[in-house]
$ cat my_file06.txt   # compact mmCIF, C-alpha atoms
# COMPACT_ATOMS: atom_id res chain seq x y z
CA MET A 1 -8.09 -54.02 51.46
CA PRO A 2 -10.45 -52.08 49.17
CA GLY A 3 -8.74 -48.70 49.79
CA LYS A 4 -5.38 -50.07 48.77
CA THR A 5 -6.76 -51.65 45.60
CA PHE A 6 -8.38 -48.39 44.64
CA CYS A 7 -5.09 -46.53 45.11
CA LEU A 8 -3.24 -49.10 43.05
CA ALA A 9 -5.81 -48.93 40.27
CA THR A 10 -5.63 -45.13 40.16
CA LEU A 11 -1.83 -45.22 40.10
CA THR A 12 -1.83 -47.77 37.28
CA LEU A 13 -4.29 -45.68 35.34
CA LEU A 14 -2.17 -42.57 35.78
CA VAL A 15 0.99 -44.36 34.70
CA ALA A 16 -0.77 -45.77 31.65
CA LEU A 17 -1.99 -42.32 30.68
CA GLY A 18 1.48 -40.92 31.25
CA LEU A 19 3.10 -43.53 29.06
CA GLY A 20 0.39 -42.98 26.46
CA GLY A 21 1.78 -39.47 26.13
CA CYS A 22 5.11 -40.92 25.02
CA ALA A 23 3.51 -42.37 21.90
CA SER A 24 5.00 -41.43 18.51
CA PRO A 25 4.38 -37.80 17.27
CA PRO A 26 1.30 -37.18 15.09
CA LYS A 27 1.75 -38.00 11.42
CA GLN A 28 2.72 -35.07 9.16
CA PRO A 29 0.09 -34.28 6.55
CA GLU A 30 1.27 -35.88 3.33
CA ASN A 31 2.31 -33.74 0.39
CA LEU A 32 2.49 -30.54 2.41
CA LEU A 33 4.06 -28.68 -0.47
CA ALA A 34 2.04 -30.23 -3.26
CA PRO A 35 -0.34 -27.89 -5.10
CA THR A 36 -4.00 -28.20 -4.27
CA GLU A 37 -6.92 -28.27 -6.72
CA GLU A 38 -7.64 -24.66 -5.94
CA GLN A 39 -4.09 -23.57 -6.64
CA MET A 40 -4.17 -25.15 -10.09
CA LYS A 41 -7.38 -23.27 -10.87
CA ILE A 42 -5.89 -20.02 -9.66
CA ARG A 43 -2.80 -20.52 -11.77
CA ASN A 44 -4.85 -20.54 -14.96
CA MET A 45 -6.53 -17.30 -13.96
CA GLN A 46 -3.22 -15.68 -13.17
CA THR A 47 -1.38 -16.49 -16.38
CA ARG A 48 -1.71 -15.02 -19.86
CA THR A 49 0.37 -15.25 -22.99
CA PHE A 50 0.92 -12.18 -25.12
CA ASP A 51 2.23 -11.80 -28.67
CA VAL A 52 5.17 -9.71 -27.60
CA ALA A 53 8.56 -10.83 -28.87
CA ASP A 54 10.79 -8.79 -26.58
CA ARG A 55 10.61 -9.60 -22.89
CA ARG A 56 11.96 -6.19 -21.93
CA VAL A 57 9.13 -4.50 -23.79
CA ALA A 58 6.68 -6.71 -21.94
CA MET A 59 8.24 -5.76 -18.61
CA ARG A 60 8.00 -2.07 -19.41
CA GLY A 61 4.33 -2.56 -20.30
CA VAL A 62 3.72 -4.34 -17.00
CA ILE A 63 5.36 -1.56 -15.00
CA ALA A 64 3.47 1.13 -16.91
CA ALA A 65 0.16 -0.71 -16.37
CA LEU A 66 0.81 -1.11 -12.66
CA GLN A 67 1.67 2.56 -12.28
CA ASP A 68 -1.45 3.56 -14.19
CA LEU A 69 -3.54 1.49 -11.79
CA GLY A 70 -2.02 3.45 -8.92
CA PHE A 71 0.36 0.78 -7.71
CA ILE A 72 3.66 1.59 -6.07
CA ILE A 73 6.50 -0.42 -7.58
CA GLU A 74 8.41 -2.01 -4.73
CA ARG A 75 10.87 -4.30 -6.36
CA ALA A 76 11.99 -4.92 -9.92
CA ASN A 77 14.52 -7.30 -11.41
CA GLU A 78 14.85 -7.18 -15.18
CA PRO A 79 17.05 -10.23 -15.86
CA LEU A 80 14.62 -12.38 -13.87
CA GLY A 81 11.55 -10.66 -15.21
CA LEU A 82 10.18 -9.92 -11.72
CA VAL A 83 8.12 -6.97 -10.58
CA THR A 84 6.51 -6.55 -7.16
CA ALA A 85 4.06 -3.77 -6.47
CA ALA A 86 1.51 -2.83 -3.84
CA ARG A 87 -1.38 -0.47 -3.43
CA PHE A 88 -3.58 0.73 -0.59
CA ALA A 89 -7.27 1.19 -0.89
CA GLU A 90 -7.41 4.94 -0.58
CA PRO A 91 -9.13 7.03 0.59
CA LYS A 92 -10.64 4.18 2.56
CA TYR A 93 -9.02 2.20 5.32
CA TYR A 94 -6.32 -0.36 5.87
CA ASP A 95 -6.68 -2.67 2.82
CA VAL A 96 -3.52 -3.57 0.96
CA VAL A 97 -3.28 -5.24 -2.41
CA GLY A 98 0.07 -6.72 -3.41
CA VAL A 99 0.99 -8.22 -6.74
CA THR A 100 4.03 -10.09 -8.02
CA VAL A 101 4.32 -10.27 -11.79
CA THR A 102 6.72 -12.54 -13.61
CA VAL A 103 7.51 -12.09 -17.29
CA ARG A 104 9.03 -15.02 -19.15
CA SER A 105 9.68 -15.76 -22.81
CA LEU A 106 7.61 -18.62 -24.14
CA ASN A 107 9.16 -18.71 -27.60
CA GLU A 108 10.65 -16.14 -30.01
CA LYS A 109 7.29 -14.51 -30.58
CA GLN A 110 5.47 -14.78 -27.27
CA THR A 111 5.91 -14.02 -23.59
CA THR A 112 4.02 -15.46 -20.64
CA ILE A 113 2.97 -13.13 -17.86
CA ARG A 114 1.81 -14.37 -14.50
CA ALA A 115 0.36 -12.09 -11.81
CA ASN A 116 -0.02 -13.31 -8.23
CA ALA A 117 -2.27 -10.90 -6.41
CA ILE A 118 -2.90 -10.89 -2.68
CA PHE A 119 -5.43 -8.89 -0.72
CA ASN A 120 -4.45 -8.39 2.89
CA ASN A 121 -2.09 -11.35 2.78
CA GLU A 122 -4.62 -13.75 1.25
CA PRO A 123 -4.51 -14.79 -2.38
CA ILE A 124 -7.18 -13.27 -4.61
CA THR A 125 -9.31 -15.95 -6.22
CA ASP A 126 -11.77 -13.79 -8.13
CA PRO A 127 -11.13 -14.24 -11.88
CA GLU A 128 -12.66 -10.83 -12.64
CA VAL A 129 -9.78 -9.12 -10.83
CA TYR A 130 -7.22 -10.82 -13.05
CA ARG A 131 -9.28 -10.07 -16.16
CA ASN A 132 -9.27 -6.37 -15.26
CA PHE A 133 -5.56 -6.41 -14.68
CA PHE A 134 -4.77 -8.13 -17.96
CA ALA A 135 -7.14 -5.81 -19.83
CA THR A 136 -5.20 -2.80 -18.52
CA LEU A 137 -1.94 -4.56 -19.31
CA GLU A 138 -3.01 -5.27 -22.86
CA ARG A 139 -3.91 -1.65 -23.36
CA SER A 140 -0.54 -0.62 -22.00
CA LEU A 141 1.36 -3.08 -24.19
CA PHE A 142 -0.37 -2.30 -27.43
CA ILE A 143 -0.95 1.41 -27.11
CA GLY A 144 0.39 3.10 -30.21
CA ARG A 145 0.08 -0.10 -32.18
CA ASN A 146 -2.84 -0.64 -34.54
CA MET B 1 -9.21 -1.30 15.54
CA THR B 2 -6.79 -4.06 14.56
CA THR B 3 -3.22 -3.82 13.37
CA ARG B 4 -2.54 -5.63 10.16
CA ARG B 5 0.76 -7.16 9.19
CA SER B 6 1.79 -7.00 5.58
CA GLY B 7 4.73 -8.50 3.72
CA THR B 8 6.26 -5.28 2.53
CA LEU B 9 4.20 -2.16 3.09
CA PRO B 10 3.36 -2.04 6.80
CA THR B 11 -0.14 -0.80 7.40
CA THR B 12 -2.44 -0.47 10.29
CA ILE B 13 -5.07 2.19 10.24
CA ARG B 14 -5.17 4.76 7.48
CA SER B 15 -7.15 7.84 6.76
CA SER B 16 -7.07 10.09 3.76
CA ARG B 17 -5.91 13.66 3.75
CA GLN B 18 -9.01 14.58 1.82
CA GLY B 19 -11.30 12.59 4.08
CA VAL B 20 -13.28 14.03 6.93
CA ARG B 21 -11.46 14.15 10.22
CA CYS B 22 -13.51 11.87 12.42
CA GLY B 23 -13.13 12.71 16.03
CA ALA B 24 -15.21 10.14 17.83
CA VAL B 25 -16.07 11.65 21.16
CA ARG B 26 -17.31 9.12 23.64
CA ALA B 27 -19.12 9.73 26.89
CA VAL B 28 -20.96 7.77 29.51
CA PRO B 29 -24.60 8.84 29.36
CA GLY B 30 -25.73 10.11 32.72
CA SER B 31 -28.80 9.15 34.65
CA ASP B 32 -30.41 12.55 35.19
CA PRO B 33 -32.06 14.40 32.26
CA ALA B 34 -29.36 17.07 31.81
CA ARG B 35 -26.57 14.50 31.57
CA ARG B 36 -28.74 12.30 29.34
CA GLY B 37 -29.13 15.22 26.96
CA TRP B 38 -25.41 15.72 26.64
CA GLY B 39 -24.89 11.99 26.49
CA ALA B 40 -27.30 11.64 23.60
CA LEU B 41 -25.64 14.47 21.73
CA LEU B 42 -22.23 12.91 22.15
CA ILE B 43 -23.45 9.48 21.10
CA VAL B 44 -24.92 11.00 17.94
CA ALA B 45 -21.64 12.81 17.32
CA SER B 46 -19.70 9.60 17.69
CA LEU B 47 -22.06 7.80 15.35
CA PHE B 48 -21.34 10.44 12.74
CA GLY B 49 -17.70 9.87 13.47
CA ALA B 50 -18.04 6.14 12.97
CA ALA B 51 -19.93 6.70 9.73
CA CYS B 52 -16.92 8.57 8.38
CA ALA B 53 -15.10 5.23 8.20
CA GLY B 54 -16.88 4.39 4.97
CA PRO B 55 -17.23 1.06 3.17
CA LYS B 56 -14.16 -1.10 2.56
CA THR B 57 -13.02 -1.43 -1.00
CA THR B 58 -12.88 -4.74 -2.75
CA PRO B 59 -9.87 -5.92 -4.73
CA LEU B 60 -11.96 -5.66 -7.90
CA GLU B 61 -12.07 -1.88 -7.65
CA LEU B 62 -8.39 -1.67 -6.98
CA PHE B 63 -7.54 -3.21 -10.36
CA GLU B 64 -9.66 -0.85 -12.38
CA LEU B 65 -8.68 2.44 -13.90
CA THR B 66 -10.55 5.34 -12.33
CA PRO B 67 -11.20 8.84 -13.66
CA GLU B 68 -8.38 10.08 -11.42
CA SER B 69 -5.84 7.70 -12.95
CA ALA B 70 -5.27 9.94 -15.95
CA ALA B 71 -4.90 13.07 -13.82
CA ASN B 72 -2.48 11.32 -11.49
CA LYS B 73 -0.49 10.05 -14.45
CA ALA B 74 -0.17 13.57 -15.83
CA MET B 75 0.98 14.89 -12.46
CA GLN B 76 3.54 12.15 -11.91
CA THR B 77 5.04 11.82 -15.41
CA ARG B 78 7.39 13.90 -17.54
CA GLN B 79 9.15 13.15 -20.80
CA PHE B 80 12.73 13.96 -21.66
CA GLU B 81 14.38 14.01 -25.08
CA THR B 82 17.40 11.84 -24.50
CA PRO B 83 18.30 8.34 -25.59
CA SER B 84 19.99 7.57 -22.31
CA SER B 85 17.78 6.40 -19.44
CA ASP B 86 20.83 5.58 -17.33
CA GLU B 87 21.72 9.23 -17.18
CA LEU B 88 18.19 10.18 -16.19
CA LEU B 89 18.15 7.50 -13.53
CA SER B 90 21.41 8.55 -12.00
CA ALA B 91 20.36 12.21 -12.12
CA SER B 92 17.09 11.27 -10.41
CA ALA B 93 19.04 9.55 -7.65
CA ALA B 94 21.10 12.70 -7.23
CA VAL B 95 17.99 14.88 -7.04
CA LEU B 96 16.45 12.58 -4.45
CA GLN B 97 19.66 12.78 -2.45
CA ASP B 98 19.48 16.58 -2.63
CA LEU B 99 15.96 16.36 -1.26
CA GLY B 100 17.25 14.36 1.70
CA PHE B 101 16.19 10.89 0.60
CA GLN B 102 18.14 7.68 1.05
CA VAL B 103 17.95 5.44 -2.00
CA THR B 104 16.85 2.04 -0.74
CA GLU B 105 16.47 0.05 -3.96
CA SER B 106 17.47 0.34 -7.57
CA ASP B 107 17.43 -1.66 -10.78
CA ARG B 108 19.24 -0.30 -13.78
CA ASP B 109 17.73 -2.44 -16.51
CA VAL B 110 14.18 -1.54 -15.65
CA GLY B 111 15.09 2.01 -14.63
CA PHE B 112 13.69 1.68 -11.13
CA LEU B 113 14.56 3.61 -7.96
CA ARG B 114 13.07 3.56 -4.53
CA ALA B 115 13.95 6.06 -1.81
CA ALA B 116 12.82 7.01 1.69
CA LYS B 117 13.35 9.72 4.26
CA GLU B 118 12.13 10.17 7.82
CA ARG B 119 11.03 13.45 9.29
CA SER B 120 8.95 14.84 12.10
CA ALA B 121 5.30 15.08 11.15
CA ARG B 122 4.14 17.50 13.82
CA GLU B 123 1.66 20.04 12.55
CA TYR B 124 0.80 23.20 14.38
CA GLY B 125 -2.84 23.13 13.28
CA GLN B 126 -3.38 19.58 14.46
CA GLU B 127 -1.96 20.29 17.88
CA ILE B 128 -4.17 23.37 18.29
CA ARG B 129 -7.24 21.34 17.35
CA ARG B 130 -6.28 18.62 19.78
CA ASP B 131 -5.97 21.15 22.60
CA ILE B 132 -9.35 22.70 21.78
CA VAL B 133 -11.11 19.34 21.66
CA ALA B 134 -9.43 18.30 24.90
CA PHE B 135 -10.54 21.49 26.60
CA LEU B 136 -14.14 21.20 25.37
CA THR B 137 -14.51 17.56 26.31
CA LEU B 138 -12.98 18.27 29.68
CA MET B 139 -15.55 21.02 30.29
CA ILE B 140 -18.45 18.84 29.11
CA GLY B 141 -17.31 16.09 31.38
CA ALA B 142 -16.86 18.46 34.29
CA LEU B 143 -20.52 19.51 33.94
CA GLY B 144 -21.57 15.94 34.36
CA GLY B 145 -18.96 15.10 36.94
CA THR B 146 -17.23 12.47 34.80
CA ASN B 147 -13.93 12.44 33.04
CA THR B 148 -14.63 12.60 29.34
CA MET B 149 -11.57 14.48 28.23
CA TYR B 150 -10.48 13.31 24.79
CA VAL B 151 -6.89 13.96 23.80
CA ALA B 152 -6.57 13.01 20.16
CA PRO B 153 -3.32 11.36 19.09
CA VAL B 154 -1.60 13.70 16.63
CA ASP B 155 0.90 13.01 13.89
CA LEU B 156 4.34 12.62 15.35
CA HIS B 157 6.72 11.05 12.86
CA GLN B 158 6.61 10.29 9.18
CA GLN B 159 8.48 8.39 6.53
CA ILE B 160 8.21 9.81 3.03
CA ASN B 161 8.82 7.34 0.23
CA ALA B 162 9.39 7.76 -3.47
CA SER B 163 9.16 5.16 -6.22
CA LEU B 164 10.50 6.15 -9.63
CA VAL B 165 10.67 4.45 -13.01
CA ALA B 166 12.56 5.87 -16.00
CA GLN B 167 12.03 3.99 -19.23
CA PRO B 168 11.96 4.65 -22.97
CA ILE B 169 8.63 5.67 -24.43
CA GLN B 170 7.10 2.79 -26.31
CA ASP B 171 8.56 2.39 -29.81
CA ASP B 172 10.63 5.54 -29.42
CA ASP B 173 14.06 5.03 -27.96
CA GLU B 174 14.97 8.69 -28.39
CA ARG B 175 12.65 9.84 -25.62
CA GLN B 176 12.38 8.74 -22.01
CA ASN B 177 9.44 8.67 -19.69
CA VAL B 178 10.04 9.39 -16.00
CA ARG B 179 7.26 8.60 -13.57
CA ILE B 180 7.55 9.09 -9.82
CA VAL B 181 5.09 8.59 -6.99
CA PHE B 182 5.48 9.98 -3.46
CA TYR B 183 3.66 8.48 -0.51
CA ARG B 184 4.04 8.63 3.24
CA LEU B 185 3.62 6.63 6.40
CA VAL B 186 2.62 8.63 9.46
CA TRP B 187 2.91 7.46 13.05
CA LYS B 188 0.75 9.12 15.64
CA GLY B 189 1.66 9.92 19.22
CA ASP B 190 -0.28 8.91 22.30
CA GLY B 191 -3.56 10.29 23.57
CA SER B 192 -6.30 9.53 26.03
CA SER B 193 -10.04 9.12 26.09
CA GLY B 194 -11.45 9.72 29.53
CA ASN B 195 -9.54 7.49 31.88
CA GLN B 196 -8.30 5.19 29.14
CA SER B 197 -5.01 5.99 27.48
CA ILE B 198 -4.47 5.51 23.77
CA PRO B 199 -1.01 4.09 23.17
CA PRO B 200 1.28 5.74 20.63
CA GLY B 201 2.23 4.13 17.32
CA GLN B 202 -1.05 4.25 15.43
CA GLN B 203 -0.12 4.35 11.78
CA LYS B 204 -1.65 5.68 8.62
CA MET B 205 -0.50 5.85 5.02
CA GLU B 206 -1.40 8.25 2.30
CA MET B 207 -0.41 8.94 -1.28
CA ILE B 208 0.92 12.45 -1.78
CA ARG B 209 -1.29 14.18 -4.32
CA ASP B 210 0.13 17.68 -4.02
CA ALA B 211 1.13 18.74 -7.55
CA GLU B 212 3.64 21.27 -6.18
CA ILE B 213 5.93 18.53 -4.87
CA TYR B 214 6.04 16.75 -8.22
CA GLN B 215 6.66 20.02 -10.04
CA GLN B 216 9.59 20.80 -7.77
CA PHE B 217 11.09 17.37 -8.29
CA PHE B 218 10.90 17.60 -12.07
CA ALA B 219 12.22 21.17 -12.06
CA ARG B 220 15.32 19.95 -10.23
CA LEU B 221 15.68 16.92 -12.46
CA SER B 222 15.36 19.07 -15.53
CA LYS B 223 18.14 21.32 -14.25
CA ALA B 224 20.33 18.36 -13.41
CA VAL B 225 20.23 16.88 -16.91
CA PHE B 226 20.08 20.20 -18.78
CA LEU B 227 16.96 19.05 -20.59
CA GLU B 228 13.42 20.30 -20.66
CA ALA B 229 10.80 18.21 -18.90
CA HIS B 230 7.78 17.83 -21.17
CA LYS B 231 4.38 17.13 -19.73
CA ILE B 232 2.46 14.29 -21.27
$ encode --input "my_file06.txt" --output "structure tokens"
Amino acid sequence: MPGKTFCLATLTLLVALGLGGCASPPKQPENLLAPTEEQMKIRNMQTRTFDVADRRVAMRGVIAALQDLGFIIERANEPLGLVTAARFAEPKYYDVVGVTVTVRSLNEKQTTIRANAIFNNEPITDPEVYRNFFATLERSLFIGRN
Amino acid sequence: MTTRRSGTLPTTIRSSRQGVRCGAVRAVPGSDPARRGWGALLIVASLFGAACAGPKTTPLELFELTPESAANKAMQTRQFETPSSDELLSASAAVLQDLGFQVTESDRDVGFLRAAKERSAREYGQEIRRDIVAFLTLMIGALGGTNTMYVAPVDLHQQINASLVAQPIQDDDERQNVRIVFYRLVWKGDGSSGNQSIPPGQQKMEMIRDAEIYQQFFARLSKAVFLEAHKI
């Protein structure tokens, strides 16, 4: 009978759709943790090497520069060469800039400084921002030297 | 207005102490001429209020030195003639304790301290202003037959934070530089605008730029280490 066939067809269709749902889970995107093109570009912007032999001196310079820029130092770890600081956009509203700076010795005469800056939880990709920061840092490191 | 989550410093809405207090008074414009007049006035007032918000800063500006940077540095920094920054650091922790702070973080090698304390933030002046505005808006609304009473949320609770760094002055290990910055988070209470209630918990943050507070801190620190605090 036509009615019965229709019912059977609908049921079969529903079962097929139901079983289709049991298919294997969607494939994970490959290389989830691998760096992207953009991240490599950002890394170059964020890193600078300075002719400072003593890593401690470099760290002090970084902290002084951050304080001069109005940042609040949140976390500091000297043996690891880590400083985290943040700043609000005052007197205007609700913007927060955070920065993590790492200071590492490259060789006996140089140290590498990397600054990861975020603006409202998104990484800052404007190279001018990093240039300004490193300019202030350079002034702070070499003040009193000729 | 949106709340914004941040990794470390929690922020939502902020306004500056020095900024204009923007009380946006809203009203439903009426249909007859008298109510329309009041309505227009209130809309204009609220537009002025909205204009007080100001443009948002870009990250570029936040990484540049401003003319105030030098003045702030002078206010927040003092120099001490001692070779030992450990002693200064531990004395600073003691002074902060005296002032009622809890030290939350410290790092000896870098000479870093971070401290916080929580207090009530209720201000007499703010509460008076709120009552006056509420009364006026209630009266205005009563003229038009609507409920336009605006009860502004006032400061309720605050957390005052301090971040201090004590380190040798560059190339001179006989003198130490101590720099401290105070800032606060303020939580507001609840309020209402007409028939709509404003929930409590609105937050703002501000740097403390009152020179008196810094002077008091350094006076105490100076006494604690028996050394004179030199201004830079």
$ closest_atom_pairs --input "my_file06.txt" --of "chain A" --to "chain B" --cutoff "8 Å" --atoms "all atoms listed in the file" --output "CSV"
residue,atom,partner,partner_atom,distance
A:Val57,CA,B:Gln170,CA,8.0
A:Met59,CA,B:Val110,CA,7.9
A:Arg60,CA,B:Val110,CA,7.3
A:Asp68,CA,B:Ser69,CA,6.2
A:Leu69,CA,B:Leu65,CA,5.6
A:Gly70,CA,B:Ser69,CA,7.0
A:Ile72,CA,B:Ser163,CA,6.6
A:Ile73,CA,B:Ser163,CA,6.3
A:Glu74,CA,B:Arg114,CA,7.3
A:Arg75,CA,B:Glu105,CA,7.5
A:Ala76,CA,B:Asp107,CA,6.4
A:Asn77,CA,B:Asp107,CA,6.4
A:Glu78,CA,B:Val110,CA,5.7
A:Pro79,CA,B:Asp109,CA,7.8
A:Ala86,CA,B:Leu9,CA,7.5
A:Arg87,CA,B:Leu62,CA,7.9
A:Ala89,CA,B:Thr57,CA,6.3
A:Glu90,CA,B:Ser16,CA,6.7
A:Pro91,CA,B:Ser16,CA,4.9
A:Lys92,CA,B:Lys56,CA,6.3
A:Tyr93,CA,B:Arg14,CA,5.1
A:Tyr94,CA,B:Ile13,CA,5.2
A:Asp95,CA,B:Thr57,CA,7.5
A:Val96,CA,B:Thr11,CA,7.8
A:Val97,CA,B:Pro59,CA,7.0
A:Phe119,CA,B:Pro59,CA,6.7
A:Asn120,CA,B:Ser6,CA,6.9
A:Asn121,CA,B:Ser6,CA,6.5
A:Ile124,CA,B:Pro59,CA,7.8
A:Glu128,CA,B:Leu60,CA,7.0
A:Val129,CA,B:Leu60,CA,5.0
A:Asn132,CA,B:Phe63,CA,6.1
A:Phe133,CA,B:Phe63,CA,5.7
A:Thr136,CA,B:Leu65,CA,7.8
A:Gly144,CA,B:Gln170,CA,7.8
$ write_last_selection --input "my_file06.txt" --atoms "C-alpha atoms" --output "PDB file, in the coordinates of the input"
ATOM      1  CA  VAL A  57       9.130  -4.500 -23.790  1.00  0.00           C
ATOM      2  CA  MET A  59       8.240  -5.760 -18.610  1.00  0.00           C
ATOM      3  CA  ARG A  60       8.000  -2.070 -19.410  1.00  0.00           C
ATOM      4  CA  ASP A  68      -1.450   3.560 -14.190  1.00  0.00           C
ATOM      5  CA  LEU A  69      -3.540   1.490 -11.790  1.00  0.00           C
ATOM      6  CA  GLY A  70      -2.020   3.450  -8.920  1.00  0.00           C
ATOM      7  CA  ILE A  72       3.660   1.590  -6.070  1.00  0.00           C
ATOM      8  CA  ILE A  73       6.500  -0.420  -7.580  1.00  0.00           C
ATOM      9  CA  GLU A  74       8.410  -2.010  -4.730  1.00  0.00           C
ATOM     10  CA  ARG A  75      10.870  -4.300  -6.360  1.00  0.00           C
ATOM     11  CA  ALA A  76      11.990  -4.920  -9.920  1.00  0.00           C
ATOM     12  CA  ASN A  77      14.520  -7.300 -11.410  1.00  0.00           C
ATOM     13  CA  GLU A  78      14.850  -7.180 -15.180  1.00  0.00           C
ATOM     14  CA  PRO A  79      17.050 -10.230 -15.860  1.00  0.00           C
ATOM     15  CA  ALA A  86       1.510  -2.830  -3.840  1.00  0.00           C
ATOM     16  CA  ARG A  87      -1.380  -0.470  -3.430  1.00  0.00           C
ATOM     17  CA  ALA A  89      -7.270   1.190  -0.890  1.00  0.00           C
ATOM     18  CA  GLU A  90      -7.410   4.940  -0.580  1.00  0.00           C
ATOM     19  CA  PRO A  91      -9.130   7.030   0.590  1.00  0.00           C
ATOM     20  CA  LYS A  92     -10.640   4.180   2.560  1.00  0.00           C
ATOM     21  CA  TYR A  93      -9.020   2.200   5.320  1.00  0.00           C
ATOM     22  CA  TYR A  94      -6.320  -0.360   5.870  1.00  0.00           C
ATOM     23  CA  ASP A  95      -6.680  -2.670   2.820  1.00  0.00           C
ATOM     24  CA  VAL A  96      -3.520  -3.570   0.960  1.00  0.00           C
ATOM     25  CA  VAL A  97      -3.280  -5.240  -2.410  1.00  0.00           C
ATOM     26  CA  PHE A 119      -5.430  -8.890  -0.720  1.00  0.00           C
ATOM     27  CA  ASN A 120      -4.450  -8.390   2.890  1.00  0.00           C
ATOM     28  CA  ASN A 121      -2.090 -11.350   2.780  1.00  0.00           C
ATOM     29  CA  ILE A 124      -7.180 -13.270  -4.610  1.00  0.00           C
ATOM     30  CA  GLU A 128     -12.660 -10.830 -12.640  1.00  0.00           C
ATOM     31  CA  VAL A 129      -9.780  -9.120 -10.830  1.00  0.00           C
ATOM     32  CA  ASN A 132      -9.270  -6.370 -15.260  1.00  0.00           C
ATOM     33  CA  PHE A 133      -5.560  -6.410 -14.680  1.00  0.00           C
ATOM     34  CA  THR A 136      -5.200  -2.800 -18.520  1.00  0.00           C
ATOM     35  CA  GLY A 144       0.390   3.100 -30.210  1.00  0.00           C
TER      36      GLY A 144
END
$ residues_near_point --input "my_file06.txt" --point "(5.5, -16.8, -19.4)" --cutoff "8 Å" --atoms "only C-alpha atoms" --output "NGL selection string"
:A and (47-49 or 102-106 or 111-114)
$ atom_distance --input "my_file06.txt" --atom1 "atom CA of Asp131 of chain B" --atom2 "atom CA of Tyr150 of chain B"
9.3 Å
$ atom_distance --input "my_file06.txt" --atom1 "atom CA of Phe134 of chain A" --atom2 "atom CA of Ala64 of chain A"
12.4 Å
